[in-house]
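One file, target31.csv, is given below (CSV, C-alpha atoms).
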```csv
chain,number,residue,atom,x,y,z
T,21,MET,CA,17.4,-20.8,-39.9
T,22,HIS,CA,14.6,-19.4,-37.7
T,23,ALA,CA,13.3,-17.4,-40.5
T,24,LEU,CA,12.4,-20.6,-42.3
T,25,GLN,CA,10.0,-21.6,-39.5
T,26,PRO,CA,6.5,-20.7,-40.5
T,27,GLU,CA,5.2,-20.3,-37.0
T,28,PRO,CA,7.5,-19.0,-34.3
T,29,LEU,CA,5.2,-20.1,-31.6
T,30,GLU,CA,5.5,-23.7,-32.5
T,31,MET,CA,9.0,-23.7,-31.3
T,32,ALA,CA,9.4,-21.1,-28.8
T,33,ARG,CA,7.7,-19.4,-26.0
T,34,LEU,CA,6.3,-15.9,-26.4
T,35,PRO,CA,9.4,-13.9,-25.6
T,36,ASP,CA,11.5,-15.8,-28.1
T,37,ALA,CA,8.8,-15.7,-30.7
T,38,LEU,CA,8.5,-11.9,-30.2
T,39,ALA,CA,12.2,-11.5,-30.5
T,40,GLU,CA,12.2,-13.4,-33.7
T,41,VAL,CA,9.3,-11.4,-35.2
T,42,ALA,CA,11.0,-8.2,-34.1
T,43,GLU,CA,14.3,-9.2,-35.6
T,44,ARG,CA,12.7,-10.0,-39.0
T,45,TRP,CA,10.7,-6.8,-38.9
T,46,SER,CA,13.8,-4.8,-38.1
T,47,ALA,CA,15.8,-6.3,-40.9
T,48,ARG,CA,13.0,-5.7,-43.4
T,49,ASN,CA,12.3,-2.1,-42.4
T,50,GLY,CA,15.8,-0.9,-41.2
T,51,VAL,CA,14.4,0.3,-37.9
T,52,ALA,CA,15.8,-0.9,-34.6
T,53,ALA,CA,13.4,-3.0,-32.7
T,54,GLN,CA,14.2,-4.2,-29.2
T,55,VAL,CA,12.3,-6.8,-27.2
T,56,THR,CA,12.4,-6.6,-23.4
T,57,SER,CA,10.7,-9.0,-21.0
T,58,THR,CA,10.1,-8.2,-17.3
T,59,GLY,CA,8.8,-10.3,-14.5
T,60,SER,CA,8.9,-14.0,-14.5
T,61,ALA,CA,8.3,-15.1,-18.0
T,62,ARG,CA,6.1,-18.3,-18.1
T,63,PRO,CA,4.2,-20.1,-20.7
T,64,MET,CA,0.6,-18.8,-21.1
T,65,ARG,CA,-2.3,-20.6,-22.7
T,66,PRO,CA,-1.8,-20.7,-26.4
T,67,GLU,CA,-4.7,-18.4,-27.3
T,68,ILE,CA,-3.1,-15.7,-25.1
T,69,GLU,CA,0.4,-16.1,-26.6
T,70,VAL,CA,-1.0,-16.2,-30.2
T,71,ALA,CA,-3.1,-13.1,-29.6
T,72,LEU,CA,-0.2,-11.1,-28.2
T,73,LEU,CA,2.0,-12.2,-31.0
T,74,ARG,CA,-0.5,-11.1,-33.6
T,75,ILE,CA,-0.9,-7.8,-31.8
T,76,ALA,CA,2.8,-7.3,-32.0
T,77,GLN,CA,2.8,-8.1,-35.7
T,78,GLU,CA,-0.1,-5.7,-36.4
T,79,ALA,CA,1.4,-2.9,-34.3
T,80,LEU,CA,4.8,-3.3,-36.0
T,81,ALA,CA,3.0,-3.2,-39.4
T,82,ASN,CA,1.4,0.1,-38.4
T,83,VAL,CA,4.8,1.5,-37.3
T,84,ALA,CA,6.3,0.5,-40.6
T,85,LYS,CA,3.5,2.0,-42.6
T,86,HIS,CA,2.8,5.2,-40.7
T,87,ALA,CA,5.2,6.1,-37.9
T,88,ARG,CA,8.5,7.0,-39.6
T,89,ALA,CA,10.1,5.8,-36.4
T,90,SER,CA,13.8,5.3,-35.7
T,91,ARG,CA,13.3,3.0,-32.8
T,92,VAL,CA,10.6,0.5,-31.6
T,93,GLY,CA,10.5,-1.2,-28.2
T,94,LEU,CA,8.4,-4.3,-27.5
T,95,THR,CA,8.0,-4.9,-23.8
T,96,LEU,CA,6.5,-8.0,-22.4
T,97,SER,CA,5.5,-7.5,-18.7
T,98,TYR,CA,4.7,-10.6,-16.8
T,99,MET,CA,2.9,-9.6,-13.6
T,100,ASP,CA,1.2,-11.8,-11.0
T,101,ASP,CA,-2.2,-11.9,-12.6
T,102,GLU,CA,-1.8,-10.2,-16.0
T,103,VAL,CA,0.5,-10.0,-18.9
T,104,ALA,CA,1.0,-6.8,-20.8
T,105,LEU,CA,2.6,-6.2,-24.2
T,106,ASP,CA,3.6,-2.7,-25.1
T,107,ILE,CA,4.8,-1.6,-28.5
T,108,ARG,CA,6.2,1.9,-28.4
T,109,ASP,CA,7.8,3.9,-31.2
T,110,ASP,CA,9.4,7.3,-31.4
T,111,GLY,CA,7.7,8.2,-34.7
T,112,VAL,CA,5.4,11.0,-35.8
T,113,GLY,CA,2.5,10.0,-33.6
T,114,PHE,CA,-1.0,11.3,-34.0
T,115,GLY,CA,-3.4,13.5,-32.2
T,116,PRO,CA,-7.0,13.2,-31.3
T,117,PRO,CA,-9.4,13.0,-34.3
T,118,SER,CA,-10.3,16.4,-35.8
T,119,PRO,CA,-13.9,17.5,-35.4
T,120,ALA,CA,-14.5,17.0,-39.1
T,121,ALA,CA,-13.3,13.4,-38.8
T,122,ARG,CA,-15.5,12.8,-35.8
T,123,ASN,CA,-18.4,14.0,-37.8
T,124,GLY,CA,-17.4,11.7,-40.6
T,125,ARG,CA,-16.8,14.6,-43.0
T,126,GLY,CA,-13.2,14.3,-43.5
T,127,PRO,CA,-10.0,12.2,-43.0
T,128,VAL,CA,-8.3,12.1,-39.7
T,129,ASN,CA,-4.9,13.8,-39.5
T,130,GLY,CA,-4.6,14.1,-43.2
T,131,GLY,CA,-5.5,10.4,-43.7
T,132,ARG,CA,-2.6,9.2,-41.5
T,133,GLY,CA,-4.6,8.7,-38.3
T,134,PRO,CA,-5.8,5.5,-36.7
T,135,ASN,CA,-9.3,6.0,-38.0
T,136,SER,CA,-8.2,6.7,-41.5
T,137,GLY,CA,-8.7,4.4,-44.5
T,138,HIS,CA,-6.0,2.1,-43.3
T,139,GLY,CA,-7.9,1.5,-40.1
T,140,PHE,CA,-4.5,0.8,-38.5
T,141,GLY,CA,-5.9,-2.6,-37.5
T,142,LEU,CA,-6.8,-1.1,-34.2
T,143,THR,CA,-10.3,-2.5,-34.2
T,144,ALA,CA,-9.0,-6.0,-34.9
T,145,MET,CA,-6.4,-5.7,-32.1
T,146,ARG,CA,-9.0,-4.5,-29.7
T,147,GLN,CA,-11.3,-7.4,-30.5
T,148,ARG,CA,-8.5,-9.8,-30.0
T,149,VAL,CA,-7.7,-8.4,-26.6
T,150,GLU,CA,-11.2,-8.0,-25.4
T,151,GLY,CA,-11.9,-11.6,-26.5
T,152,LEU,CA,-9.4,-12.6,-23.8
T,153,ALA,CA,-11.0,-10.3,-21.2
T,154,GLY,CA,-8.1,-7.8,-21.6
T,155,THR,CA,-7.8,-4.2,-22.5
T,156,LEU,CA,-6.1,-2.3,-25.3
T,157,GLU,CA,-4.7,1.2,-24.8
T,158,ILE,CA,-3.4,3.5,-27.5
T,159,GLU,CA,-1.3,6.4,-26.4
T,160,SER,CA,0.0,8.8,-29.0
T,161,GLU,CA,1.5,12.2,-29.2
T,162,ILE,CA,2.4,14.1,-32.3
T,163,GLY,CA,6.1,14.3,-32.6
T,164,ILE,CA,6.7,11.9,-29.7
T,165,GLY,CA,5.4,8.6,-30.9
T,166,THR,CA,2.8,6.0,-30.2
T,167,ALA,CA,2.4,3.3,-27.6
T,168,VAL,CA,0.0,0.4,-28.0
T,169,SER,CA,-0.5,-1.5,-24.8
T,170,ALA,CA,-2.4,-4.8,-24.6
T,171,SER,CA,-3.0,-6.3,-21.2
T,172,VAL,CA,-4.7,-9.7,-20.7
T,173,PRO,CA,-5.2,-11.9,-17.6
T,174,ALA,CA,-2.3,-14.3,-17.1
T,175,ILE,CA,-3.7,-17.8,-17.5
T,176,PRO,CA,-0.8,-20.2,-17.5
T,177,ALA,CA,-0.5,-22.9,-20.0
T,178,GLY,CA,-2.2,-26.1,-18.8
T,179,ALA,CA,-4.7,-24.3,-16.6
T,180,GLY,CA,-8.2,-25.7,-16.8
T,181,VAL,CA,-10.3,-24.9,-19.9
L,276,MET,CA,-15.0,24.8,31.8
L,277,SER,CA,-15.5,25.9,35.3
L,278,ALA,CA,-12.6,26.6,37.6
L,279,PRO,CA,-10.9,23.5,38.9
L,280,GLY,CA,-12.2,22.2,42.2
L,281,PRO,CA,-10.3,22.9,45.3
L,282,GLY,CA,-7.7,20.5,46.6
L,283,ARG,CA,-6.6,17.2,45.3
L,284,PRO,CA,-9.0,14.3,45.3
L,285,GLY,CA,-8.3,12.4,48.4
L,286,GLN,CA,-11.5,10.5,49.2
L,287,ARG,CA,-12.7,7.3,47.7
L,288,GLY,CA,-15.3,7.3,45.0
L,289,ARG,CA,-15.0,10.1,42.4
L,290,PRO,CA,-14.3,13.1,44.5
L,291,GLY,CA,-12.7,15.2,41.7
L,292,ARG,CA,-15.8,14.7,39.6
L,293,SER,CA,-18.3,15.9,42.1
L,294,GLU,CA,-16.1,18.8,43.3
L,295,GLN,CA,-15.7,20.1,39.8
L,296,ARG,CA,-19.3,19.8,39.0
L,297,GLY,CA,-20.1,21.6,42.3
L,298,ARG,CA,-22.8,19.1,42.9
L,299,PRO,CA,-21.5,17.0,45.7
L,300,GLY,CA,-23.3,13.9,46.5
L,301,ARG,CA,-24.3,13.1,43.0
L,302,PRO,CA,-22.0,10.6,41.6
L,303,GLY,CA,-21.6,10.4,37.8
L,304,PRO,CA,-22.7,7.3,36.0
L,305,PRO,CA,-20.0,4.6,36.1
L,306,ASP,CA,-19.7,4.5,32.3
L,307,GLU,CA,-18.7,8.2,32.2
L,308,ALA,CA,-15.2,7.3,33.4
L,309,GLY,CA,-12.8,9.9,32.2
L,310,GLY,CA,-15.4,11.8,30.3
L,311,GLY,CA,-13.6,15.0,31.0
L,312,THR,CA,-15.4,15.8,34.2
L,313,GLY,CA,-12.7,14.7,36.7
L,314,PRO,CA,-9.2,13.4,36.9
L,315,ILE,CA,-8.5,10.3,35.0
L,316,ARG,CA,-7.7,7.5,37.4
L,317,LEU,CA,-4.7,5.5,36.4
L,318,LEU,CA,-3.0,2.3,37.2
L,319,ILE,CA,0.6,1.9,36.0
L,320,VAL,CA,1.8,-1.6,35.2
L,321,ASP,CA,5.5,-2.3,34.4
L,322,ASP,CA,8.0,-4.7,35.7
L,323,HIS,CA,10.7,-2.0,35.8
L,324,PRO,CA,10.5,0.3,38.9
L,325,VAL,CA,12.3,3.1,37.0
L,326,VAL,CA,9.7,3.1,34.2
L,327,ARG,CA,6.9,3.0,36.8
L,328,ASP,CA,8.4,6.0,38.6
L,329,GLY,CA,8.9,7.9,35.5
L,330,LEU,CA,5.4,7.4,34.3
L,331,SER,CA,3.9,8.1,37.8
L,332,GLY,CA,5.9,11.3,38.0
L,333,MET,CA,4.8,12.4,34.6
L,334,PHE,CA,1.1,11.9,35.4
L,335,ARG,CA,1.2,13.2,38.9
L,336,GLY,CA,2.5,16.5,37.6
L,337,ASP,CA,-0.8,17.0,35.8
L,338,THR,CA,-4.0,17.6,37.7
L,339,ASP,CA,-6.0,15.9,35.0
L,340,PHE,CA,-4.7,12.5,36.2
L,341,ASP,CA,-4.8,10.6,39.4
L,342,VAL,CA,-2.4,7.8,39.8
L,343,LEU,CA,-4.1,5.2,42.0
L,344,GLY,CA,-1.3,2.7,42.1
L,345,GLU,CA,1.3,0.6,40.3
L,346,ALA,CA,1.8,-3.0,39.6
L,347,ALA,CA,4.9,-5.0,38.6
L,348,ASP,CA,3.3,-7.9,36.7
L,349,GLY,CA,0.1,-9.1,35.0
L,350,ALA,CA,-1.3,-10.8,38.1
L,351,GLU,CA,-0.8,-7.8,40.3
L,352,ALA,CA,-2.3,-5.7,37.5
L,353,VAL,CA,-5.5,-7.7,37.5
L,354,ALA,CA,-5.8,-7.7,41.2
L,355,LYS,CA,-5.2,-4.0,41.5
L,356,THR,CA,-7.5,-3.1,38.6
L,357,LEU,CA,-10.3,-5.0,40.2
L,358,ALA,CA,-9.7,-3.4,43.6
L,359,LEU,CA,-8.9,0.2,42.6
L,360,LYS,CA,-11.2,0.4,39.6
L,361,PRO,CA,-9.0,2.8,37.5
L,362,ASP,CA,-10.3,4.4,34.4
L,363,VAL,CA,-7.2,3.6,32.4
L,364,VAL,CA,-4.5,0.9,32.9
L,365,LEU,CA,-1.2,1.6,31.3
L,366,MET,CA,0.1,-1.9,30.6
L,367,ASP,CA,3.5,-3.2,29.7
L,368,LEU,CA,3.5,-6.4,27.8
L,369,ARG,CA,6.6,-8.4,28.6
L,370,MET,CA,6.5,-9.0,32.3
L,371,PRO,CA,7.3,-12.0,34.6
L,372,ARG,CA,4.6,-14.2,36.1
L,373,MET,CA,1.7,-13.1,34.0
L,374,ASP,CA,2.4,-11.1,30.8
L,375,GLY,CA,0.4,-8.1,29.6
L,376,VAL,CA,-1.7,-9.9,27.0
L,377,SER,CA,-2.8,-12.5,29.5
L,378,ALA,CA,-3.7,-9.7,32.0
L,379,ILE,CA,-5.7,-7.9,29.4
L,380,ALA,CA,-7.6,-11.0,28.5
L,381,GLU,CA,-8.2,-11.8,32.2
L,382,LEU,CA,-9.6,-8.3,32.7
L,383,ALA,CA,-11.9,-8.6,29.7
L,384,LYS,CA,-13.1,-12.0,31.0
L,385,ARG,CA,-14.0,-10.4,34.3
L,386,GLY,CA,-15.8,-7.5,32.7
L,387,ALA,CA,-13.5,-4.9,34.2
L,388,PRO,CA,-14.6,-1.5,32.7
L,389,ALA,CA,-11.0,-0.1,32.7
L,390,ARG,CA,-9.6,0.8,29.4
L,391,VAL,CA,-6.2,-0.7,28.8
L,392,LEU,CA,-3.6,1.2,27.0
L,393,VAL,CA,-0.6,-0.9,26.1
L,394,LEU,CA,2.7,0.9,26.5
L,395,THR,CA,5.6,-1.1,25.3
L,396,THR,CA,9.0,-1.0,23.7
L,397,TYR,CA,8.0,-3.3,20.9
L,398,ASP,CA,5.9,-2.7,17.9
L,399,THR,CA,6.3,-6.0,16.3
L,400,ASP,CA,3.3,-7.7,14.8
L,401,SER,CA,3.5,-10.6,17.2
L,402,ASP,CA,3.0,-8.2,20.1
L,403,VAL,CA,0.5,-5.7,18.7
L,404,VAL,CA,-2.2,-8.0,17.4
L,405,PRO,CA,-2.7,-10.3,20.4
L,406,ALA,CA,-2.9,-7.2,22.7
L,407,ILE,CA,-5.6,-5.6,20.6
L,408,GLU,CA,-7.4,-8.9,20.2
L,409,ALA,CA,-7.4,-9.4,24.0
L,410,GLY,CA,-9.2,-6.2,24.4
L,411,ALA,CA,-6.6,-3.4,24.6
L,412,THR,CA,-8.0,0.1,23.7
L,413,GLY,CA,-4.8,1.3,22.4
L,414,TYR,CA,-1.1,0.7,21.8
L,415,LEU,CA,1.7,3.1,22.2
L,416,LEU,CA,5.4,2.9,22.2
L,417,LYS,CA,7.4,3.9,25.3
L,418,ASP,CA,9.4,6.4,23.3
L,419,SER,CA,6.3,8.3,22.4
L,420,PRO,CA,6.6,12.0,23.3
L,421,ARG,CA,5.1,13.1,26.6
L,422,ASP,CA,2.3,15.1,25.0
L,423,GLU,CA,1.3,12.2,22.8
L,424,LEU,CA,1.2,9.9,25.8
L,425,LEU,CA,-1.1,12.3,27.8
L,426,ARG,CA,-3.3,12.8,24.8
L,427,ALA,CA,-3.5,9.0,24.3
L,428,VAL,CA,-4.5,8.4,27.9
L,429,ARG,CA,-7.3,11.0,27.7
L,430,ALA,CA,-8.5,9.4,24.4
L,431,ALA,CA,-8.4,5.9,25.9
L,432,ALA,CA,-10.4,7.2,28.9
L,433,ARG,CA,-13.1,8.3,26.5
L,434,GLY,CA,-13.0,4.8,25.0
L,435,GLU,CA,-11.3,5.9,21.8
L,436,ALA,CA,-8.9,3.5,20.1
L,437,VAL,CA,-5.4,4.8,20.3
L,438,LEU,CA,-2.6,3.6,18.1
L,439,SER,CA,0.7,5.3,17.5
L,440,PRO,CA,1.3,5.8,13.8
L,441,ALA,CA,4.0,3.2,13.6
L,442,VAL,CA,1.7,0.6,15.2
L,443,ALA,CA,-1.3,1.6,13.1
L,444,THR,CA,0.7,1.1,9.9
L,445,ARG,CA,1.7,-2.4,11.0
L,446,LEU,CA,-1.8,-3.3,12.1
L,447,LEU,CA,-3.3,-2.1,8.8
L,448,GLY,CA,-0.7,-4.1,6.9
L,449,GLN,CA,-1.8,-7.2,8.9
L,450,VAL,CA,-5.5,-6.6,8.4
L,451,ARG,CA,-4.9,-6.1,4.7
L,452,GLY,CA,-3.9,-9.7,4.8
L,453,PRO,CA,-1.1,-11.7,3.2
L,454,VAL,CA,-0.5,-9.3,0.3
L,455,GLN,CA,3.0,-9.3,1.5
L,456,ALA,CA,4.3,-10.4,-1.9
L,457,PRO,CA,7.7,-8.8,-2.6
L,458,LEU,CA,7.9,-6.0,-5.1
L,459,SER,CA,9.1,-7.1,-8.5
L,460,GLN,CA,12.3,-5.6,-9.9
L,461,ARG,CA,10.3,-3.6,-12.4
L,462,GLU,CA,8.0,-2.2,-9.7
L,463,ILE,CA,11.0,-1.1,-7.7
L,464,GLU,CA,12.6,0.4,-10.9
L,465,ILE,CA,9.4,2.4,-11.5
L,466,LEU,CA,9.2,3.6,-7.9
L,467,GLU,CA,12.8,4.7,-8.2
L,468,ILE,CA,12.0,6.9,-11.2
L,469,ILE,CA,8.8,8.2,-9.5
L,470,ALA,CA,10.8,8.9,-6.3
L,471,ARG,CA,13.0,11.3,-8.4
L,472,GLY,CA,9.8,13.3,-9.2
L,473,ALA,CA,8.9,11.9,-12.6
L,474,THR,CA,5.3,11.7,-13.7
L,475,ASN,CA,3.9,8.5,-15.1
L,476,ARG,CA,4.3,9.9,-18.6
L,477,GLU,CA,8.0,10.7,-17.9
L,478,ALA,CA,8.5,7.2,-16.4
L,479,ALA,CA,6.9,5.7,-19.5
L,480,ALA,CA,9.1,7.7,-21.9
L,481,ARG,CA,12.2,6.7,-19.9
L,482,LEU,CA,11.4,3.0,-20.0
L,483,PHE,CA,10.0,3.3,-23.5
L,484,ILE,CA,6.7,1.6,-22.5
L,485,SER,CA,3.1,2.8,-22.3
L,486,GLU,CA,1.8,5.0,-19.5
L,487,ALA,CA,-0.9,2.4,-19.0
L,488,THR,CA,1.7,-0.2,-18.0
L,489,VAL,CA,3.5,2.2,-15.7
L,490,LYS,CA,0.2,2.8,-14.0
L,491,THR,CA,-0.5,-0.9,-13.7
L,492,HIS,CA,2.9,-1.5,-12.1
L,493,LEU,CA,2.3,1.4,-9.7
L,494,LEU,CA,-1.1,0.1,-8.7
L,495,HIS,CA,0.4,-3.3,-8.0
L,496,SER,CA,3.1,-1.7,-5.9
L,497,TYR,CA,0.5,0.2,-3.9
L,498,ALA,CA,-1.3,-3.0,-3.1
L,499,LYS,CA,1.9,-4.7,-2.0
L,500,LEU,CA,3.0,-1.7,0.1
L,501,GLY,CA,-0.5,-1.2,1.6
L,502,VAL,CA,-0.7,2.4,0.4
L,503,SER,CA,-3.0,4.3,-1.8
L,504,ASP,CA,-0.9,7.0,-3.5
L,505,ARG,CA,2.5,7.6,-5.0
L,506,ALA,CA,3.8,9.7,-2.2
L,507,ALA,CA,3.0,7.1,0.3
L,508,ALA,CA,4.4,4.4,-1.9
L,509,VAL,CA,7.7,6.1,-2.2
L,510,ALA,CA,7.8,6.8,1.5
L,511,GLU,CA,7.0,3.2,2.4
L,512,ALA,CA,9.5,1.8,-0.2
L,513,PHE,CA,12.2,3.9,1.5
L,514,ARG,CA,11.0,2.7,4.9
L,515,ARG,CA,11.3,-0.9,3.8
L,516,GLY,CA,14.7,-0.3,2.4
L,517,LEU,CA,13.5,-1.1,-1.2
L,518,LEU,CA,14.7,2.3,-2.2
L,519,THR,CA,17.8,3.8,-0.7
L,520,PRO,CA,19.1,7.4,-0.8
L,521,GLU,CA,22.1,6.2,-2.9
L,522,SER,CA,19.8,4.7,-5.6
L,523,HIS,CA,17.9,8.0,-5.5
```

Spell out the structure here as structure tokens.
Amino acid sequence: MHALQPEPLEMARLPDALAEVAERWSARNGVAAQVTSTGSARPMRPEIEVALLRIAQEALANVAKHARASRVGLTLSYMDDEVALDIRDDGVGFGPPSPAARNGRGPVNGGRGPNSGHGFGLTAMRQRVEGLAGTLEIESEIGIGTAVSASVPAIPAGAGV
Amino acid sequence: MSAPGPGRPGQRGRPGRSEQRGRPGRPGPPDEAGGGTGPIRLLIVDDHPVVRDGLSGMFRGDTDFDVLGEAADGAEAVAKTLALKPDVVLMDLRMPRMDGVSAIAELAKRGAPARVLVLTTYDTDSDVVPAIEAGATGYLLKDSPRDELLRAVRAAARGEAVLSPAVATRLLGQVRGPVQAPLSQREIEILEIIARGATNREAAARLFISEATVKTHLLHSYAKLGVSDRAAAVAEAFRRGLLTPESH
């Protein structure tokens, strides 16, 4: 039933929307995806919830395309003055760009790195987060996996424009 | 330092000082009280005779100190401080008639130069802050070791602020303001992992989240606990009972 809804956010708060996105992604890709929420979940302003949901979708798309992961965890951390969304996988990970790639003379990590032709959507994610005065962190280690962490100020729904 | 002067100070004024200096007849400036040139002149204020006797005995056994007298309540403390002009007043807080804080405030109002070192059984916020605000130079607990007590009196005589570590921690917590928000379950969970010796990276792996988020939670915990590093955070969390050895 839920899968028929075009826009999860229209009917649910962010944790539920994330759970739904993760469930669908998991079914499509055959990789376990678990959503966890910590702290007191509360509705945030729509642009924040939409941005975090998009980031989750983009990060999951990257995992599907590149990570060869067996497990993905999406963690929503509601803190006093910020909300963080972490998407962590146990996939192949990637290392720092090679010198050749940094010089623009070759592909990164054999074309599988975040700066490769796919772009990994990292730039778009970063812009989304920075547009909300937040920060985006990418942590990755070859053979261990990758974690994307988006952290934005917690502005509750209904707060002044 | 030169050899100690002969005999115990018996005269009025500042005999010990001039004897030790070997320059009799030249009194030191009044603001040099307890500057290390003579015995530190003490007044002991406590409503329990046993406590007064114990403290008197302790200081009388050391030639660096001269116990001028004792008082059993705040009013007597004020009167004797003004009359005897001690360098340091050891002041109890909870006393009949006039309590210690009122006595400290009264002495400050009258411009008494004596340094007041609060010596009390209690280290609760409601006791410490008013005493310091009223003008106490220091605050020690009665169960402080003897050496710490003697050192504290010497420091107080020099005008240095003296706070026992337990008191200092409380006071700092107060000054840092109402950041007394309770730790979240997640923050405690991360402190538990850190307490077992895990690095941020290991904690992140364990919770399957980013190191950045572990760090954020830790920084929030530090602020709430009034500390600035992980070791202090773990120690303070144990002290507050947020972490227990069983959970460890």

Show me, as a PyMOL selection string, every residue of chain T with an atom at most 12 Å from chain L, counting all atoms listed in the file. chain T and resi 53-60+91-110+155-161+164-172

Could the residues in this selection be saved with C-alpha atoms as a short mmCIF file (atom, residue, chain, number, x, y, z; two decimals), in the coordinates of the input?
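So again_28.cif came out as:
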```
data_model
loop_
_atom_site.label_atom_id
_atom_site.label_comp_id
_atom_site.auth_asym_id
_atom_site.auth_seq_id
_atom_site.Cartn_x
_atom_site.Cartn_y
_atom_site.Cartn_z
CA ALA T 53 13.40 -3.00 -32.70
CA GLN T 54 14.20 -4.20 -29.20
CA VAL T 55 12.30 -6.80 -27.20
CA THR T 56 12.40 -6.60 -23.40
CA SER T 57 10.70 -9.00 -21.00
CA THR T 58 10.10 -8.20 -17.30
CA GLY T 59 8.80 -10.30 -14.50
CA SER T 60 8.90 -14.00 -14.50
CA ARG T 91 13.30 3.00 -32.80
CA VAL T 92 10.60 0.50 -31.60
CA GLY T 93 10.50 -1.20 -28.20
CA LEU T 94 8.40 -4.30 -27.50
CA THR T 95 8.00 -4.90 -23.80
CA LEU T 96 6.50 -8.00 -22.40
CA SER T 97 5.50 -7.50 -18.70
CA TYR T 98 4.70 -10.60 -16.80
CA MET T 99 2.90 -9.60 -13.60
CA ASP T 100 1.20 -11.80 -11.00
CA ASP T 101 -2.20 -11.90 -12.60
CA GLU T 102 -1.80 -10.20 -16.00
CA VAL T 103 0.50 -10.00 -18.90
CA ALA T 104 1.00 -6.80 -20.80
CA LEU T 105 2.60 -6.20 -24.20
CA ASP T 106 3.60 -2.70 -25.10
CA ILE T 107 4.80 -1.60 -28.50
CA ARG T 108 6.20 1.90 -28.40
CA ASP T 109 7.80 3.90 -31.20
CA ASP T 110 9.40 7.30 -31.40
CA THR T 155 -7.80 -4.20 -22.50
CA LEU T 156 -6.10 -2.30 -25.30
CA GLU T 157 -4.70 1.20 -24.80
CA ILE T 158 -3.40 3.50 -27.50
CA GLU T 159 -1.30 6.40 -26.40
CA SER T 160 0.00 8.80 -29.00
CA GLU T 161 1.50 12.20 -29.20
CA ILE T 164 6.70 11.90 -29.70
CA GLY T 165 5.40 8.60 -30.90
CA THR T 166 2.80 6.00 -30.20
CA ALA T 167 2.40 3.30 -27.60
CA VAL T 168 0.00 0.40 -28.00
CA SER T 169 -0.50 -1.50 -24.80
CA ALA T 170 -2.40 -4.80 -24.60
CA SER T 171 -3.00 -6.30 -21.20
CA VAL T 172 -4.70 -9.70 -20.70
#
```

Point-to-point distance from atom CA of Gly111 of chain T to atom CA of Gly151 of chain T, Å rounded to tenths: 29.0 Å

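Residues of protein, DNA or RNA having at least one counted atom within 10 Å of (-6.2, -12.1, 29.3), given only C-alpha atoms, are Gly349, Val353, Met373, Asp374, Gly375, Val376, Ser377, Ala378, Ile379, Ala380, Glu381, Leu382, Ala383, Lys384, Arg385, Pro405, Ala406, Glu408, Ala409, Gly410 and Ala411 of chain L.
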
Write a file of the selected residues as a short mmCIF file (atom, residue, chain, number, x, y, z; two decimals), in the frame of the given file, keeping C-alpha atoms.
```cif
data_model
loop_
_atom_site.label_atom_id
_atom_site.label_comp_id
_atom_site.auth_asym_id
_atom_site.auth_seq_id
_atom_site.Cartn_x
_atom_site.Cartn_y
_atom_site.Cartn_z
CA GLY L 349 0.10 -9.10 35.00
CA VAL L 353 -5.50 -7.70 37.50
CA MET L 373 1.70 -13.10 34.00
CA ASP L 374 2.40 -11.10 30.80
CA GLY L 375 0.40 -8.10 29.60
CA VAL L 376 -1.70 -9.90 27.00
CA SER L 377 -2.80 -12.50 29.50
CA ALA L 378 -3.70 -9.70 32.00
CA ILE L 379 -5.70 -7.90 29.40
CA ALA L 380 -7.60 -11.00 28.50
CA GLU L 381 -8.20 -11.80 32.20
CA LEU L 382 -9.60 -8.30 32.70
CA ALA L 383 -11.90 -8.60 29.70
CA LYS L 384 -13.10 -12.00 31.00
CA ARG L 385 -14.00 -10.40 34.30
CA PRO L 405 -2.70 -10.30 20.40
CA ALA L 406 -2.90 -7.20 22.70
CA GLU L 408 -7.40 -8.90 20.20
CA ALA L 409 -7.40 -9.40 24.00
CA GLY L 410 -9.20 -6.20 24.40
CA ALA L 411 -6.60 -3.40 24.60
#
```

Near Val363 of chain L, counting all atoms listed in the file, which residues have an atom at most 8 Å away, once you skip same-chain residues fewer than 5 positions from it, shown as a PDB file with C-alpha atoms, in the frame of the given file?
```
ATOM      1  CA  ILE L 315      -8.500  10.300  35.000  1.00  0.00           C
ATOM      2  CA  ARG L 316      -7.700   7.500  37.400  1.00  0.00           C
ATOM      3  CA  LEU L 317      -4.700   5.500  36.400  1.00  0.00           C
ATOM      4  CA  LEU L 318      -3.000   2.300  37.200  1.00  0.00           C
ATOM      5  CA  ALA L 389     -11.000  -0.100  32.700  1.00  0.00           C
ATOM      6  CA  ARG L 390      -9.600   0.800  29.400  1.00  0.00           C
ATOM      7  CA  VAL L 391      -6.200  -0.700  28.800  1.00  0.00           C
ATOM      8  CA  LEU L 392      -3.600   1.200  27.000  1.00  0.00           C
ATOM      9  CA  VAL L 428      -4.500   8.400  27.900  1.00  0.00           C
ATOM     10  CA  ALA L 431      -8.400   5.900  25.900  1.00  0.00           C
ATOM     11  CA  ALA L 432     -10.400   7.200  28.900  1.00  0.00           C
TER      12      ALA L 432
END
```

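Comparing the minimum interatomic distances between Leu142 of chain T and each of T:Leu38, T:Ile68, T:Ile175, T:Ala79, counting only C-alpha atoms, we find that T:Ala79 sits nearest.
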